[in-house]
Each structure stands twice: as C-alpha cells, then as structure tokens.
Amino acid sequence: MASRSEANPARPPPGARLCALDEIPDPGGKGFRFRADTRLFAGFVVRRGETVAGYVDSCPHAGWPLAALDDRYLTRSGEHILCSGHGALFTLDGRCVAGPCLGDVLTPWAVTVRDGGVFTA
C-alpha cells in the first residue's frame with residue numbers, strides 16, 4: 001500500500017528535474033511545492049558536498065512544514081535539519097536526535113543528482 005505522500009497526485013513523477021545542484025548552498029537546503037487541483041505536495045532537499053537527500057516537508061511530530069522561512073532547513077552550522085516549529089533536530093539522513101520526536105525519522109523523498117541537476121528518483 002502506498003503512503004499518503006506517494007499516493008498524492010501532486011507528487012512529481014520520477015525523473016522530474018527540480019533544480020541545478022549549484023542552486024542549493026553547500027551545506028544548505030531548498031524547498032519545492034507542487035500542486036495538482038486541490039492537492040499539494042511539499043518536499044525539500046538538503047545538500048552537503050555532492051550528497052543530496054530529499055524529504056517530504058512535514059514534521060513527524062506535528063505534521064507542519066519544517067522551515068518557517070523559504071529554504072531555511074538547516075541549523076546555522078549546517079549540521080542538522082531544524083524543525084522551526086518546536087526546535088527538533090534531525091541528522092542529514094533524517095533521524096531525529098533532539099526534541100519531541102526523538103527517534104522518529106523524516107519521510108524520505110527519493111532524489112538523485114545527475115549531469116549537474118537534482119531530479120526526483
């Protein structure tokens with residue numbers, strides 16, 4: 001059975017180009033929103049070097065988007081993903097290491113880097 005985000009018709013199909021890799025700060029993050037009729041899919045990617053990981057933009061504790069400001073997903077040090085709503089910290093591989101959702105994980109959004117671009121996988 002597909003998860004709710006996978007069944008969402010607004011979720012872009014595999015192979016959709018999101019952006020150029022150099023449009024994402026290193027380290028840094030970038031958010032994406034897609035709409036299909038009344039449905040919305042929100043995702044984001046984080047980058048460290050040539051490594052990029054994607055996640056559904058939803059806090060596992062409260063369900064709200066993680067960044068209060070556009071593309072501000074990482075802490076100032078770039079070491080963690082921050083939920084701006086309640087301060088939970090996640091490793092760049094999506095595991096919560098501090099806050100009310102300790103031990104939970106962000107929902108992955110499969111992405112890949114090829115030919116200098118970031119694409120859905």
# chains A, B, ... in the order shown; residues from 1 in each chain; ligands from 1
call {"tool": "residues_around", "arguments": {"residues": "Val111 of chain A", "least_positions_apart": "2", "cutoff": "7 Å", "atoms": "only C-alpha atoms", "output": "VMD selection string"}}
result
chain A and resid 53 to 54 109 118 to 121
call {"tool": "write_last_selection", "arguments": {"atoms": "C-alpha atoms", "output": "short mmCIF file (atom, residue, chain, number, x, y, z; two decimals), in the first residue's frame"}}
result
data_model
loop_
_atom_site.label_atom_id
_atom_site.label_comp_id
_atom_site.auth_asym_id
_atom_site.auth_seq_id
_atom_site.Cartn_x
_atom_site.Cartn_y
_atom_site.Cartn_z
CA ALA A 53 18.91 13.85 0.30
CA GLY A 54 15.20 14.55 -0.14
CA TRP A 109 11.59 11.71 -0.91
CA VAL A 118 18.76 17.32 -8.98
CA PHE A 119 15.92 15.04 -10.11
CA THR A 120 13.18 13.00 -8.46
CA ALA A 121 14.01 9.29 -8.43
#
call {"tool": "residues_around", "arguments": {"residues": "Thr112 of chain A", "least_positions_apart": "5", "cutoff": "12 Å", "atoms": "only C-alpha atoms", "output": "CSV table (one decimal) with N, CA, C and O atoms, in the first residue's frame"}}
result
chain,number,residue,atom,x,y,z
A,14,PRO,N,8.9,10.3,-11.0
A,14,PRO,CA,10.4,10.0,-11.1
A,14,PRO,C,10.9,10.7,-12.4
A,14,PRO,O,10.2,10.7,-13.4
A,15,GLY,N,12.1,11.3,-12.3
A,15,GLY,CA,12.7,11.9,-13.4
A,15,GLY,C,12.4,13.4,-13.6
A,15,GLY,O,13.0,14.0,-14.5
A,16,ALA,N,11.6,13.9,-12.7
A,16,ALA,CA,11.3,15.4,-12.8
A,16,ALA,C,12.5,16.2,-12.3
A,16,ALA,O,13.1,15.9,-11.3
A,17,ARG,N,12.9,17.1,-13.1
A,17,ARG,CA,14.1,18.0,-12.7
A,17,ARG,C,13.6,19.0,-11.7
A,17,ARG,O,12.6,19.7,-11.9
A,18,LEU,N,14.3,19.1,-10.6
A,18,LEU,CA,14.0,20.0,-9.5
A,18,LEU,C,14.8,21.3,-9.7
A,18,LEU,O,14.2,22.4,-9.5
A,19,CYS,N,16.1,21.2,-9.8
A,19,CYS,CA,16.9,22.4,-9.9
A,19,CYS,C,18.3,21.9,-10.3
A,19,CYS,O,18.6,20.7,-10.3
A,20,ALA,N,19.2,22.9,-10.5
A,20,ALA,CA,20.6,22.6,-10.7
A,20,ALA,C,21.2,22.4,-9.3
A,20,ALA,O,20.8,23.0,-8.3
A,21,LEU,N,22.2,21.5,-9.2
A,21,LEU,CA,22.9,21.3,-7.9
A,21,LEU,C,23.4,22.5,-7.3
A,21,LEU,O,23.3,22.8,-6.1
A,45,VAL,N,15.1,19.3,-0.3
A,45,VAL,CA,16.3,18.6,-0.4
A,45,VAL,C,17.4,19.3,0.5
A,45,VAL,O,17.3,20.5,0.7
A,46,VAL,N,18.3,18.6,1.0
A,46,VAL,CA,19.4,19.1,1.7
A,46,VAL,C,20.7,18.6,1.0
A,46,VAL,O,20.8,17.5,0.5
A,47,ARG,N,21.7,19.5,1.1
A,47,ARG,CA,23.0,19.2,0.4
A,47,ARG,C,24.2,19.3,1.3
A,47,ARG,O,24.2,20.3,2.1
A,50,GLU,N,28.6,16.8,-2.6
A,50,GLU,CA,27.9,16.3,-3.7
A,50,GLU,C,26.7,15.4,-3.3
A,50,GLU,O,26.0,14.8,-4.2
A,51,THR,N,26.5,15.2,-2.0
A,51,THR,CA,25.4,14.4,-1.5
A,51,THR,C,24.2,15.2,-1.3
A,51,THR,O,24.2,16.2,-0.7
A,52,VAL,N,23.1,14.7,-1.8
A,52,VAL,CA,21.8,15.3,-1.7
A,52,VAL,C,20.8,14.3,-1.2
A,52,VAL,O,20.7,13.2,-1.7
A,53,ALA,N,20.0,14.7,-0.2
A,53,ALA,CA,18.9,13.8,0.3
A,53,ALA,C,17.6,14.6,0.2
A,53,ALA,O,17.6,15.8,0.4
A,54,GLY,N,16.5,13.9,0.0
A,54,GLY,CA,15.2,14.6,-0.1
A,54,GLY,C,14.2,14.0,0.9
A,54,GLY,O,14.3,12.8,1.3
A,117,GLY,N,22.3,18.3,-12.2
A,117,GLY,CA,21.0,18.6,-11.8
A,117,GLY,C,20.5,17.7,-10.7
A,117,GLY,O,21.0,16.6,-10.5
A,118,VAL,N,19.4,18.1,-10.0
A,118,VAL,CA,18.8,17.3,-9.0
A,118,VAL,C,17.4,16.9,-9.5
A,118,VAL,O,16.6,17.8,-10.0
A,119,PHE,N,17.1,15.6,-9.5
A,119,PHE,CA,15.9,15.0,-10.1
A,119,PHE,C,15.2,14.1,-9.1
A,119,PHE,O,15.9,13.6,-8.2
A,120,THR,N,13.9,14.0,-9.2
A,120,THR,CA,13.2,13.0,-8.5
A,120,THR,C,13.6,11.6,-9.0
A,120,THR,O,13.9,11.5,-10.1
A,121,ALA,N,13.6,10.6,-8.1
A,121,ALA,CA,14.0,9.3,-8.4
A,121,ALA,C,12.9,8.3,-8.3
A,121,ALA,O,11.8,8.6,-7.7
call {"tool": "atom_distance", "arguments": {"atom1": "atom CA of Cys83 of chain A", "atom2": "atom CA of Cys59 of chain A"}}
result
6.8 Å
call {"tool": "closest_residue", "arguments": {"among": "A:Leu89, A:Ala110, A:Ala10, A:Leu82", "to": "Ala68 of chain A", "atoms": "only C-alpha atoms"}}
result
A:Leu82
call {"tool": "atom_distance", "arguments": {"atom1": "atom CA of Phe90 of chain A", "atom2": "atom CA of Pro27 of chain A"}}
result
14.5 Å
call {"tool": "decode", "arguments": {"residues": "segment 105-118 of chain A", "atoms": "N, CA, C and O atoms", "output": "PDB file, in the first residue's frame"}}
result
ATOM      1  N   VAL A 105      11.784   9.527  12.250  1.00  0.00           N
ATOM      2  CA  VAL A 105      12.526   9.874  11.042  1.00  0.00           C
ATOM      3  C   VAL A 105      11.645  10.680  10.094  1.00  0.00           C
ATOM      4  O   VAL A 105      10.417  10.534  10.092  1.00  0.00           O
ATOM      5  N   LEU A 106      12.286  11.536   9.319  1.00  0.00           N
ATOM      6  CA  LEU A 106      11.578  12.260   8.271  1.00  0.00           C
ATOM      7  C   LEU A 106      11.210  11.279   7.164  1.00  0.00           C
ATOM      8  O   LEU A 106      11.918  10.294   6.938  1.00  0.00           O
ATOM      9  N   THR A 107      10.116  11.550   6.479  1.00  0.00           N
ATOM     10  CA  THR A 107       9.696  10.698   5.368  1.00  0.00           C
ATOM     11  C   THR A 107      10.580  10.997   4.169  1.00  0.00           C
ATOM     12  O   THR A 107      10.645  12.132   3.699  1.00  0.00           O
ATOM     13  N   PRO A 108      11.305   9.975   3.666  1.00  0.00           N
ATOM     14  CA  PRO A 108      12.191  10.210   2.530  1.00  0.00           C
ATOM     15  C   PRO A 108      11.424  10.567   1.260  1.00  0.00           C
ATOM     16  O   PRO A 108      10.293  10.133   1.057  1.00  0.00           O
ATOM     17  N   TRP A 109      12.066  11.370   0.429  1.00  0.00           N
ATOM     18  CA  TRP A 109      11.594  11.708  -0.909  1.00  0.00           C
ATOM     19  C   TRP A 109      12.777  11.397  -1.823  1.00  0.00           C
ATOM     20  O   TRP A 109      13.810  12.067  -1.760  1.00  0.00           O
ATOM     21  N   ALA A 110      12.659  10.371  -2.621  1.00  0.00           N
ATOM     22  CA  ALA A 110      13.785   9.898  -3.422  1.00  0.00           C
ATOM     23  C   ALA A 110      14.195  10.929  -4.472  1.00  0.00           C
ATOM     24  O   ALA A 110      13.384  11.349  -5.299  1.00  0.00           O
ATOM     25  N   VAL A 111      15.462  11.340  -4.392  1.00  0.00           N
ATOM     26  CA  VAL A 111      16.045  12.264  -5.362  1.00  0.00           C
ATOM     27  C   VAL A 111      17.409  11.727  -5.780  1.00  0.00           C
ATOM     28  O   VAL A 111      18.006  10.909  -5.080  1.00  0.00           O
ATOM     29  N   THR A 112      17.891  12.221  -6.898  1.00  0.00           N
ATOM     30  CA  THR A 112      19.204  11.822  -7.400  1.00  0.00           C
ATOM     31  C   THR A 112      19.866  13.015  -8.067  1.00  0.00           C
ATOM     32  O   THR A 112      19.182  13.944  -8.515  1.00  0.00           O
ATOM     33  N   VAL A 113      21.183  12.974  -8.131  1.00  0.00           N
ATOM     34  CA  VAL A 113      21.955  14.010  -8.816  1.00  0.00           C
ATOM     35  C   VAL A 113      22.553  13.390 -10.075  1.00  0.00           C
ATOM     36  O   VAL A 113      23.163  12.319 -10.002  1.00  0.00           O
ATOM     37  N   ARG A 114      22.345  14.051 -11.208  1.00  0.00           N
ATOM     38  CA  ARG A 114      22.973  13.607 -12.452  1.00  0.00           C
ATOM     39  C   ARG A 114      23.131  14.806 -13.390  1.00  0.00           C
ATOM     40  O   ARG A 114      22.274  15.696 -13.422  1.00  0.00           O
ATOM     41  N   ASP A 115      24.227  14.816 -14.083  1.00  0.00           N
ATOM     42  CA  ASP A 115      24.524  15.879 -15.065  1.00  0.00           C
ATOM     43  C   ASP A 115      24.360  17.275 -14.461  1.00  0.00           C
ATOM     44  O   ASP A 115      23.841  18.184 -15.118  1.00  0.00           O
ATOM     45  N   GLY A 116      24.750  17.436 -13.203  1.00  0.00           N
ATOM     46  CA  GLY A 116      24.688  18.743 -12.559  1.00  0.00           C
ATOM     47  C   GLY A 116      23.311  19.157 -12.101  1.00  0.00           C
ATOM     48  O   GLY A 116      23.125  20.283 -11.634  1.00  0.00           O
ATOM     49  N   GLY A 117      22.323  18.283 -12.208  1.00  0.00           N
ATOM     50  CA  GLY A 117      20.964  18.605 -11.789  1.00  0.00           C
ATOM     51  C   GLY A 117      20.459  17.685 -10.708  1.00  0.00           C
ATOM     52  O   GLY A 117      20.987  16.599 -10.505  1.00  0.00           O
ATOM     53  N   VAL A 118      19.422  18.122 -10.008  1.00  0.00           N
ATOM     54  CA  VAL A 118      18.759  17.319  -8.983  1.00  0.00           C
ATOM     55  C   VAL A 118      17.403  16.903  -9.547  1.00  0.00           C
ATOM     56  O   VAL A 118      16.630  17.764 -10.010  1.00  0.00           O
TER      57      VAL A 118
END
